[in-house]
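Containing PDB, C-alpha atoms, pLDDT in the B column: input16.pdb.
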ATOM      1  CA  MET A  20       0.000   0.000   0.000  1.00 86.00           C
ATOM      2  CA  ASP A  21       1.424   3.407  -0.878  1.00 93.00           C
ATOM      3  CA  GLU A  22       2.179   5.917   1.879  1.00 94.00           C
ATOM      4  CA  GLN A  23      -0.646   8.315   1.011  1.00 96.00           C
ATOM      5  CA  THR A  24      -3.286   5.563   1.004  1.00 96.00           C
ATOM      6  CA  LEU A  25      -1.962   4.167   4.293  1.00 97.00           C
ATOM      7  CA  TYR A  26      -2.074   7.582   5.948  1.00 96.00           C
ATOM      8  CA  PHE A  27      -5.628   8.185   4.700  1.00 97.00           C
ATOM      9  CA  ARG A  28      -6.816   4.807   5.999  1.00 98.00           C
ATOM     10  CA  ILE A  29      -5.172   5.388   9.389  1.00 98.00           C
ATOM     11  CA  GLU A  30      -6.761   8.842   9.576  1.00 98.00           C
ATOM     12  CA  ARG A  31     -10.158   7.286   8.827  1.00 98.00           C
ATOM     13  CA  LEU A  32      -9.659   4.660  11.573  1.00 98.00           C
ATOM     14  CA  PHE A  33      -8.751   7.407  14.050  1.00 98.00           C
ATOM     15  CA  ALA A  34     -11.794   9.488  13.028  1.00 98.00           C
ATOM     16  CA  ASP A  35     -14.072   6.458  13.515  1.00 98.00           C
ATOM     17  CA  TYR A  36     -12.485   5.850  16.922  1.00 98.00           C
ATOM     18  CA  CYS A  37     -13.070   9.430  18.089  1.00 97.00           C
ATOM     19  CA  ALA A  38     -16.622   9.507  16.703  1.00 97.00           C
ATOM     20  CA  SER A  39     -17.568   6.254  18.452  1.00 96.00           C
ATOM     21  CA  LEU A  40     -16.659   7.830  21.805  1.00 95.00           C
ATOM     22  CA  ASP A  41     -17.676  11.451  21.132  1.00 95.00           C
ATOM     23  CA  GLU A  42     -21.093  10.573  19.699  1.00 95.00           C
ATOM     24  CA  ASP A  43     -21.870   7.993  22.418  1.00 89.00           C
ATOM     25  CA  GLU A  44     -21.799   5.143  19.905  1.00 94.00           C
ATOM     26  CA  LEU A  45     -19.867   2.966  22.331  1.00 92.00           C
ATOM     27  CA  GLU A  46     -21.092  -0.284  20.811  1.00 96.00           C
ATOM     28  CA  ARG A  47     -19.009   0.524  17.697  1.00 97.00           C
ATOM     29  CA  TRP A  48     -15.824   1.062  19.723  1.00 97.00           C
ATOM     30  CA  PRO A  49     -14.785  -2.629  20.196  1.00 98.00           C
ATOM     31  CA  GLU A  50     -15.195  -3.289  16.453  1.00 98.00           C
ATOM     32  CA  LEU A  51     -12.285  -0.931  15.784  1.00 98.00           C
ATOM     33  CA  PHE A  52      -9.966  -3.492  17.437  1.00 99.00           C
ATOM     34  CA  THR A  53      -8.893  -6.942  16.297  1.00 99.00           C
ATOM     35  CA  ALA A  54     -10.492  -9.859  18.157  1.00 98.00           C
ATOM     36  CA  ASP A  55      -7.296 -10.178  20.233  1.00 98.00           C
ATOM     37  CA  GLY A  56      -6.767  -6.406  20.458  1.00 98.00           C
ATOM     38  CA  CYS A  57      -5.538  -4.631  23.569  1.00 98.00           C
ATOM     39  CA  TYR A  58      -6.484  -1.229  24.985  1.00 98.00           C
ATOM     40  CA  GLN A  59      -4.568   0.431  27.814  1.00 96.00           C
ATOM     41  CA  MET A  60      -4.518   3.771  29.604  1.00 94.00           C
ATOM     42  CA  ILE A  61      -1.255   4.383  31.431  1.00 94.00           C
ATOM     43  CA  ALA A  62       0.460   7.354  33.081  1.00 93.00           C
ATOM     44  CA  ARG A  63       3.427   8.773  31.165  1.00 94.00           C
ATOM     45  CA  GLU A  64       5.671   8.250  34.204  1.00 93.00           C
ATOM     46  CA  ASN A  65       4.785   4.549  34.476  1.00 92.00           C
ATOM     47  CA  HIS A  66       5.239   4.075  30.735  1.00 94.00           C
ATOM     48  CA  ALA A  67       8.602   5.881  30.691  1.00 94.00           C
ATOM     49  CA  HIS A  68       9.954   3.727  33.527  1.00 95.00           C
ATOM     50  CA  GLY A  69       8.639   0.470  32.072  1.00 94.00           C
ATOM     51  CA  HIS A  70       6.122  -0.081  34.877  1.00 92.00           C
ATOM     52  CA  PRO A  71       3.234  -2.081  33.378  1.00 85.00           C
ATOM     53  CA  VAL A  72       0.625  -0.522  35.667  1.00 89.00           C
ATOM     54  CA  PRO A  73      -2.165   0.785  33.429  1.00 90.00           C
ATOM     55  CA  LEU A  74      -5.199   2.499  34.898  1.00 87.00           C
ATOM     56  CA  LEU A  75      -7.358   0.557  32.455  1.00 90.00           C
ATOM     57  CA  TRP A  76      -6.326  -2.616  30.614  1.00 94.00           C
ATOM     58  CA  LEU A  77      -8.678  -4.488  28.309  1.00 95.00           C
ATOM     59  CA  GLU A  78      -7.389  -7.628  26.561  1.00 97.00           C
ATOM     60  CA  GLY A  79      -9.497  -8.813  23.645  1.00 97.00           C
ATOM     61  CA  ARG A  80     -12.656  -7.513  22.063  1.00 97.00           C
ATOM     62  CA  GLY A  81     -14.748  -9.505  24.557  1.00 96.00           C
ATOM     63  CA  MET A  82     -13.452  -7.439  27.483  1.00 94.00           C
ATOM     64  CA  MET A  83     -14.198  -4.264  25.520  1.00 96.00           C
ATOM     65  CA  VAL A  84     -17.755  -5.412  24.825  1.00 95.00           C
ATOM     66  CA  ASP A  85     -18.145  -6.189  28.557  1.00 92.00           C
ATOM     67  CA  ARG A  86     -16.887  -2.681  29.402  1.00 89.00           C
ATOM     68  CA  VAL A  87     -19.483  -1.113  27.115  1.00 88.00           C
ATOM     69  CA  TYR A  88     -22.212  -3.358  28.552  1.00 88.00           C
ATOM     70  CA  SER A  89     -21.325  -2.332  32.105  1.00 84.00           C
ATOM     71  CA  LEU A  90     -21.289   1.351  31.113  1.00 79.00           C
ATOM     72  CA  ARG A  91     -24.759   1.001  29.631  1.00 80.00           C
ATOM     73  CA  ASN A  92     -26.329  -1.254  32.264  1.00 87.00           C
ATOM     74  CA  ALA A  93     -24.442  -1.423  35.554  1.00 79.00           C
ATOM     75  CA  ASN A  94     -22.178   1.541  36.267  1.00 67.00           C
ATOM     76  CA  ILE A  95     -23.524   4.723  37.809  1.00 68.00           C
ATOM     77  CA  TYR A  96     -21.784   7.927  36.755  1.00 69.00           C
ATOM     78  CA  ALA A  97     -22.621  11.513  35.871  1.00 72.00           C
ATOM     79  CA  ALA A  98     -23.812  12.061  32.326  1.00 76.00           C
ATOM     80  CA  HIS A  99     -20.970  13.454  30.243  1.00 78.00           C
ATOM     81  CA  ARG A 100     -19.655  13.851  26.714  1.00 84.00           C
ATOM     82  CA  TYR A 101     -16.161  13.692  25.314  1.00 89.00           C
ATOM     83  CA  ARG A 102     -14.754  15.642  22.416  1.00 94.00           C
ATOM     84  CA  HIS A 103     -11.459  14.355  21.027  1.00 95.00           C
ATOM     85  CA  ALA A 104      -8.828  16.291  19.144  1.00 95.00           C
ATOM     86  CA  GLN A 105      -6.180  14.033  17.659  1.00 94.00           C
ATOM     87  CA  SER A 106      -3.180  15.412  15.798  1.00 95.00           C
ATOM     88  CA  ALA A 107       0.474  14.963  14.830  1.00 95.00           C
ATOM     89  CA  ILE A 108      -0.090  11.490  13.386  1.00 96.00           C
ATOM     90  CA  GLN A 109       3.224   9.778  12.668  1.00 97.00           C
ATOM     91  CA  VAL A 110       3.587   6.390  10.999  1.00 97.00           C
ATOM     92  CA  LEU A 111       6.760   5.159  12.690  1.00 97.00           C
ATOM     93  CA  GLY A 112       7.244   2.107  10.506  1.00 96.00           C
ATOM     94  CA  GLU A 113       6.153  -1.423   9.779  1.00 95.00           C
ATOM     95  CA  ALA A 114       6.020  -3.907  12.637  1.00 94.00           C
ATOM     96  CA  ASP A 115       4.602  -7.398  13.158  1.00 93.00           C
ATOM     97  CA  GLY A 116       2.386  -7.419  10.086  1.00 95.00           C
ATOM     98  CA  GLY A 117       1.158  -3.857  10.564  1.00 98.00           C
ATOM     99  CA  TRP A 118       2.327  -0.363  11.413  1.00 98.00           C
ATOM    100  CA  ARG A 119       3.400   1.456  14.557  1.00 99.00           C
ATOM    101  CA  VAL A 120       1.711   4.841  14.800  1.00 99.00           C
ATOM    102  CA  ARG A 121       2.053   7.676  17.318  1.00 99.00           C
ATOM    103  CA  SER A 122      -0.223  10.693  17.705  1.00 98.00           C
ATOM    104  CA  SER A 123      -1.224  13.329  20.229  1.00 98.00           C
ATOM    105  CA  TYR A 124      -4.659  13.590  21.786  1.00 98.00           C
ATOM    106  CA  LEU A 125      -6.673  16.048  23.825  1.00 96.00           C
ATOM    107  CA  VAL A 126     -10.014  15.146  25.380  1.00 95.00           C
ATOM    108  CA  VAL A 127     -12.448  17.825  26.523  1.00 94.00           C
ATOM    109  CA  GLN A 128     -15.188  16.608  28.839  1.00 89.00           C
ATOM    110  CA  THR A 129     -18.580  18.274  29.177  1.00 90.00           C
ATOM    111  CA  ILE A 130     -20.661  17.314  32.191  1.00 85.00           C
ATOM    112  CA  ASP A 131     -24.460  17.427  32.064  1.00 81.00           C
ATOM    113  CA  ASP A 132     -24.436  20.930  33.596  1.00 83.00           C
ATOM    114  CA  GLY A 133     -22.822  22.220  30.385  1.00 83.00           C
ATOM    115  CA  PHE A 134     -19.400  23.001  31.856  1.00 89.00           C
ATOM    116  CA  SER A 135     -16.500  21.897  29.631  1.00 92.00           C
ATOM    117  CA  GLU A 136     -12.892  21.387  30.678  1.00 89.00           C
ATOM    118  CA  VAL A 137      -9.771  19.610  29.507  1.00 90.00           C
ATOM    119  CA  TYR A 138     -10.082  16.075  30.817  1.00 88.00           C
ATOM    120  CA  GLN A 139      -6.882  14.548  29.546  1.00 92.00           C
ATOM    121  CA  ALA A 140      -3.979  15.075  27.152  1.00 95.00           C
ATOM    122  CA  GLY A 141      -1.344  12.644  26.002  1.00 97.00           C
ATOM    123  CA  SER A 142      -0.120  10.355  23.239  1.00 98.00           C
ATOM    124  CA  TYR A 143      -1.632   7.341  21.560  1.00 98.00           C
ATOM    125  CA  LEU A 144       0.842   4.553  20.788  1.00 98.00           C
ATOM    126  CA  ASP A 145      -0.803   2.227  18.300  1.00 99.00           C
ATOM    127  CA  HIS A 146      -0.190  -1.003  16.465  1.00 99.00           C
ATOM    128  CA  VAL A 147      -2.527  -0.908  13.467  1.00 99.00           C
ATOM    129  CA  VAL A 148      -3.083  -3.950  11.234  1.00 99.00           C
ATOM    130  CA  GLU A 149      -5.159  -4.977   8.224  1.00 98.00           C
ATOM    131  CA  ASP A 150      -7.980  -7.237   9.443  1.00 97.00           C
ATOM    132  CA  GLU A 151     -10.812  -8.533   7.249  1.00 94.00           C
ATOM    133  CA  GLY A 152     -10.326  -5.688   4.766  1.00 95.00           C
ATOM    134  CA  HIS A 153     -10.255  -2.941   7.411  1.00 97.00           C
ATOM    135  CA  LEU A 154      -7.523  -1.301   9.440  1.00 98.00           C
ATOM    136  CA  ARG A 155      -8.005  -2.054  13.131  1.00 99.00           C
ATOM    137  CA  PHE A 156      -6.080  -1.574  16.323  1.00 99.00           C
ATOM    138  CA  ARG A 157      -4.164  -4.598  17.515  1.00 99.00           C
ATOM    139  CA  GLU A 158      -3.049  -2.361  20.346  1.00 98.00           C
ATOM    140  CA  ARG A 159      -3.912   1.162  21.458  1.00 99.00           C
ATOM    141  CA  VAL A 160      -2.079   2.588  24.454  1.00 98.00           C
ATOM    142  CA  ALA A 161      -3.254   5.977  25.692  1.00 97.00           C
ATOM    143  CA  VAL A 162      -0.288   7.464  27.567  1.00 97.00           C
ATOM    144  CA  TYR A 163      -1.702  10.374  29.555  1.00 95.00           C
ATOM    145  CA  ASP A 164       0.576  13.245  30.536  1.00 94.00           C
ATOM    146  CA  THR A 165      -0.492  13.813  34.120  1.00 80.00           C
ATOM    147  CA  ALA A 166       0.109  11.514  37.049  1.00 69.00           C
ATOM    148  CA  ARG A 167      -3.440  12.183  38.191  1.00 75.00           C
ATOM    149  CA  VAL A 168      -6.708  11.444  36.409  1.00 76.00           C
ATOM    150  CA  LYS A 169      -9.815  13.385  37.322  1.00 71.00           C
ATOM    151  CA  THR A 170     -12.654  11.378  38.743  1.00 66.00           C
ATOM    152  CA  LEU A 171     -15.270   9.964  36.430  1.00 62.00           C
ATOM    153  CA  LEU A 172     -13.122   7.645  34.383  1.00 68.00           C
ATOM    154  CA  ALA A 173     -16.016   5.739  32.906  1.00 68.00           C
ATOM    155  CA  THR A 174     -15.550   5.884  29.159  1.00 78.00           C
ATOM    156  CA  PRO A 175     -12.230   5.010  27.515  1.00 86.00           C
ATOM    157  CA  VAL A 176     -10.298   7.885  25.998  1.00 89.00           C
TER     158      VAL A 176
END

What is this structure when it is put down as structure tokens?
Amino acid sequence: MDEQTLYFRIERLFADYCASLDEDELERWPELFTADGCYQMIARENHAHGHPVPLLWLEGRGMMVDRVYSLRNANIYAAHRYRHAQSAIQVLGEADGGWRVRSSYLVVQTIDDGFSEVYQAGSYLDHVVEDEGHLRFRERVAVYDTARVKTLLATPV
């Protein structure tokens, strides 16, 4: 695949990812991962020092589906919306049948009262692969910049 086509397809995957979370279409979110895909949220400090202590770690699409089910049916949390801004997409190279990709993200959270604030900023470290004719995440690691996460971590970033 040529570089321009690859970049376009990665950009489309990232846009679908953000839209699934921002538009409260959470049921679409697990489908953006391979069946054995992994999602993690980890503090930059832990990641930099090689400490595998993620705040959230979901192994396999089944765990992601369970997370969405619990958000819809079991968990109690304040109504909120996310708005993602993702930028500085860099394809770092080919790896393990796919591509390593790094990008920056910013998530603004709006609570039901209408107040918006920066919820989190950081980097996505991704392993993207071709799967059944679509690009999907084999791994997405959200490395957040702060050592502290505000309360109300319900929805993945």

Do a neighbour search on Val147 (chain A) at 6 Å with only C-alpha atoms, toss out local chain neighbours closer than 4 positions, and write the hits as JSON, numbers by chain.
{"A": [117, 118, 155, 156, 157]}

Can I get the selection written as a JSON list (two decimals), in the coordinates of the input, with C-alpha atoms?
[["chain", "number", "residue", "atom", "x", "y", "z"],
["A", 117, "GLY", "CA", 1.16, -3.86, 10.56],
["A", 118, "TRP", "CA", 2.33, -0.36, 11.41],
["A", 155, "ARG", "CA", -8.01, -2.05, 13.13],
["A", 156, "PHE", "CA", -6.08, -1.57, 16.32],
["A", 157, "ARG", "CA", -4.16, -4.60, 17.52]]

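The interatomic distance for the pair CA of Phe33 (chain A) and CA of Ile130 (chain A) works out to 23.9 Å.
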
Which polymer residues, whether protein, DNA or RNA, lie within 9 Å of the coordinate (-9.6, -8.7, 16.9) when you count all atoms listed in the file? List them as number ranges by chain, using the chain letters and numbers from the file.
A: 49-57, 79-80, 150, 155-157

Using only C-alpha atoms, determine which residues lie at most 9 Å from Pro71 (chain A), disregarding the query and same-chain residues fewer than 5 positions distant; provide the list as a list in words.
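Counting only the stated atoms, we get Ile61, Asn65 and His66 of chain A.
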
Applied to this file, what does the PyMOL selection byres ((chain A and resi 25) around 12) return in terms of residues, put as JSON, numbers by chain?
{"A": [20, 21, 22, 23, 24, 26, 27, 28, 29, 30, 31, 32, 108, 109, 110, 112, 113, 117, 118, 119, 120, 147, 148, 149, 153, 154]}

Give me region 21-50 of chain A with N, CA and C atoms filled in, as a PDB file, keeping the file's coordinate frame.
ATOM      1  N   ASP A  21       0.577   2.213  -0.826  1.00 93.00           N
ATOM      2  CA  ASP A  21       1.424   3.407  -0.878  1.00 93.00           C
ATOM      3  C   ASP A  21       1.206   4.266   0.375  1.00 93.00           C
ATOM      4  N   GLU A  22       2.163   5.130   0.640  1.00 94.00           N
ATOM      5  CA  GLU A  22       2.179   5.917   1.879  1.00 94.00           C
ATOM      6  C   GLU A  22       0.938   6.800   2.027  1.00 94.00           C
ATOM      7  N   GLN A  23       0.510   7.423   0.955  1.00 96.00           N
ATOM      8  CA  GLN A  23      -0.646   8.315   1.011  1.00 96.00           C
ATOM      9  C   GLN A  23      -1.925   7.542   1.347  1.00 96.00           C
ATOM     10  N   THR A  24      -2.113   6.392   0.722  1.00 96.00           N
ATOM     11  CA  THR A  24      -3.286   5.563   1.004  1.00 96.00           C
ATOM     12  C   THR A  24      -3.260   5.069   2.443  1.00 96.00           C
ATOM     13  N   LEU A  25      -2.091   4.625   2.910  1.00 97.00           N
ATOM     14  CA  LEU A  25      -1.962   4.167   4.293  1.00 97.00           C
ATOM     15  C   LEU A  25      -2.336   5.281   5.261  1.00 97.00           C
ATOM     16  N   TYR A  26      -1.793   6.460   5.051  1.00 96.00           N
ATOM     17  CA  TYR A  26      -2.074   7.582   5.948  1.00 96.00           C
ATOM     18  C   TYR A  26      -3.567   7.902   5.955  1.00 96.00           C
ATOM     19  N   PHE A  27      -4.197   7.913   4.789  1.00 97.00           N
ATOM     20  CA  PHE A  27      -5.628   8.185   4.700  1.00 97.00           C
ATOM     21  C   PHE A  27      -6.429   7.139   5.474  1.00 97.00           C
ATOM     22  N   ARG A  28      -6.077   5.878   5.319  1.00 98.00           N
ATOM     23  CA  ARG A  28      -6.816   4.807   5.999  1.00 98.00           C
ATOM     24  C   ARG A  28      -6.626   4.873   7.510  1.00 98.00           C
ATOM     25  N   ILE A  29      -5.414   5.223   7.952  1.00 98.00           N
ATOM     26  CA  ILE A  29      -5.172   5.388   9.389  1.00 98.00           C
ATOM     27  C   ILE A  29      -5.982   6.567   9.913  1.00 98.00           C
ATOM     28  N   GLU A  30      -5.981   7.662   9.183  1.00 98.00           N
ATOM     29  CA  GLU A  30      -6.761   8.842   9.576  1.00 98.00           C
ATOM     30  C   GLU A  30      -8.246   8.497   9.700  1.00 98.00           C
ATOM     31  N   ARG A  31      -8.753   7.699   8.779  1.00 98.00           N
ATOM     32  CA  ARG A  31     -10.158   7.286   8.827  1.00 98.00           C
ATOM     33  C   ARG A  31     -10.426   6.405  10.054  1.00 98.00           C
ATOM     34  N   LEU A  32      -9.520   5.483  10.365  1.00 98.00           N
ATOM     35  CA  LEU A  32      -9.659   4.660  11.573  1.00 98.00           C
ATOM     36  C   LEU A  32      -9.702   5.547  12.812  1.00 98.00           C
ATOM     37  N   PHE A  33      -8.798   6.513  12.892  1.00 98.00           N
ATOM     38  CA  PHE A  33      -8.751   7.407  14.050  1.00 98.00           C
ATOM     39  C   PHE A  33     -10.031   8.241  14.150  1.00 98.00           C
ATOM     40  N   ALA A  34     -10.550   8.712  13.019  1.00 98.00           N
ATOM     41  CA  ALA A  34     -11.794   9.488  13.028  1.00 98.00           C
ATOM     42  C   ALA A  34     -12.962   8.627  13.505  1.00 98.00           C
ATOM     43  N   ASP A  35     -13.020   7.372  13.059  1.00 98.00           N
ATOM     44  CA  ASP A  35     -14.072   6.458  13.515  1.00 98.00           C
ATOM     45  C   ASP A  35     -13.955   6.205  15.016  1.00 98.00           C
ATOM     46  N   TYR A  36     -12.729   6.066  15.495  1.00 98.00           N
ATOM     47  CA  TYR A  36     -12.485   5.850  16.922  1.00 98.00           C
ATOM     48  C   TYR A  36     -13.038   7.025  17.730  1.00 98.00           C
ATOM     49  N   CYS A  37     -12.626   8.237  17.358  1.00 97.00           N
ATOM     50  CA  CYS A  37     -13.070   9.430  18.089  1.00 97.00           C
ATOM     51  C   CYS A  37     -14.585   9.579  18.025  1.00 97.00           C
ATOM     52  N   ALA A  38     -15.175   9.365  16.857  1.00 97.00           N
ATOM     53  CA  ALA A  38     -16.622   9.507  16.703  1.00 97.00           C
ATOM     54  C   ALA A  38     -17.376   8.490  17.552  1.00 97.00           C
ATOM     55  N   SER A  39     -16.871   7.270  17.651  1.00 96.00           N
ATOM     56  CA  SER A  39     -17.568   6.254  18.452  1.00 96.00           C
ATOM     57  C   SER A  39     -17.664   6.679  19.912  1.00 96.00           C
ATOM     58  N   LEU A  40     -16.648   7.364  20.416  1.00 95.00           N
ATOM     59  CA  LEU A  40     -16.659   7.830  21.805  1.00 95.00           C
ATOM     60  C   LEU A  40     -17.377   9.170  21.940  1.00 95.00           C
ATOM     61  N   ASP A  41     -17.104  10.106  21.034  1.00 95.00           N
ATOM     62  CA  ASP A  41     -17.676  11.451  21.132  1.00 95.00           C
ATOM     63  C   ASP A  41     -19.179  11.473  20.892  1.00 95.00           C
ATOM     64  N   GLU A  42     -19.669  10.590  20.046  1.00 95.00           N
ATOM     65  CA  GLU A  42     -21.093  10.573  19.699  1.00 95.00           C
ATOM     66  C   GLU A  42     -21.867   9.523  20.497  1.00 95.00           C
ATOM     67  N   ASP A  43     -21.241   8.988  21.543  1.00 89.00           N
ATOM     68  CA  ASP A  43     -21.870   7.993  22.418  1.00 89.00           C
ATOM     69  C   ASP A  43     -22.359   6.773  21.631  1.00 89.00           C
ATOM     70  N   GLU A  44     -21.539   6.359  20.677  1.00 94.00           N
ATOM     71  CA  GLU A  44     -21.799   5.143  19.905  1.00 94.00           C
ATOM     72  C   GLU A  44     -20.831   4.064  20.390  1.00 94.00           C
ATOM     73  N   LEU A  45     -20.861   3.826  21.687  1.00 92.00           N
ATOM     74  CA  LEU A  45     -19.867   2.966  22.331  1.00 92.00           C
ATOM     75  C   LEU A  45     -19.878   1.540  21.793  1.00 92.00           C
ATOM     76  N   GLU A  46     -21.014   1.082  21.330  1.00 96.00           N
ATOM     77  CA  GLU A  46     -21.092  -0.284  20.811  1.00 96.00           C
ATOM     78  C   GLU A  46     -20.212  -0.470  19.574  1.00 96.00           C
ATOM     79  N   ARG A  47     -19.900   0.605  18.869  1.00 97.00           N
ATOM     80  CA  ARG A  47     -19.009   0.524  17.697  1.00 97.00           C
ATOM     81  C   ARG A  47     -17.542   0.459  18.100  1.00 97.00           C
ATOM     82  N   TRP A  48     -17.217   0.931  19.285  1.00 97.00           N
ATOM     83  CA  TRP A  48     -15.824   1.062  19.723  1.00 97.00           C
ATOM     84  C   TRP A  48     -15.055  -0.262  19.671  1.00 97.00           C
ATOM     85  N   PRO A  49     -15.563  -1.379  20.234  1.00 98.00           N
ATOM     86  CA  PRO A  49     -14.785  -2.629  20.196  1.00 98.00           C
ATOM     87  C   PRO A  49     -14.508  -3.134  18.784  1.00 98.00           C
ATOM     88  N   GLU A  50     -15.371  -2.821  17.831  1.00 98.00           N
ATOM     89  CA  GLU A  50     -15.195  -3.289  16.453  1.00 98.00           C
ATOM     90  C   GLU A  50     -14.003  -2.644  15.761  1.00 98.00           C
TER      91      GLU A  50
END
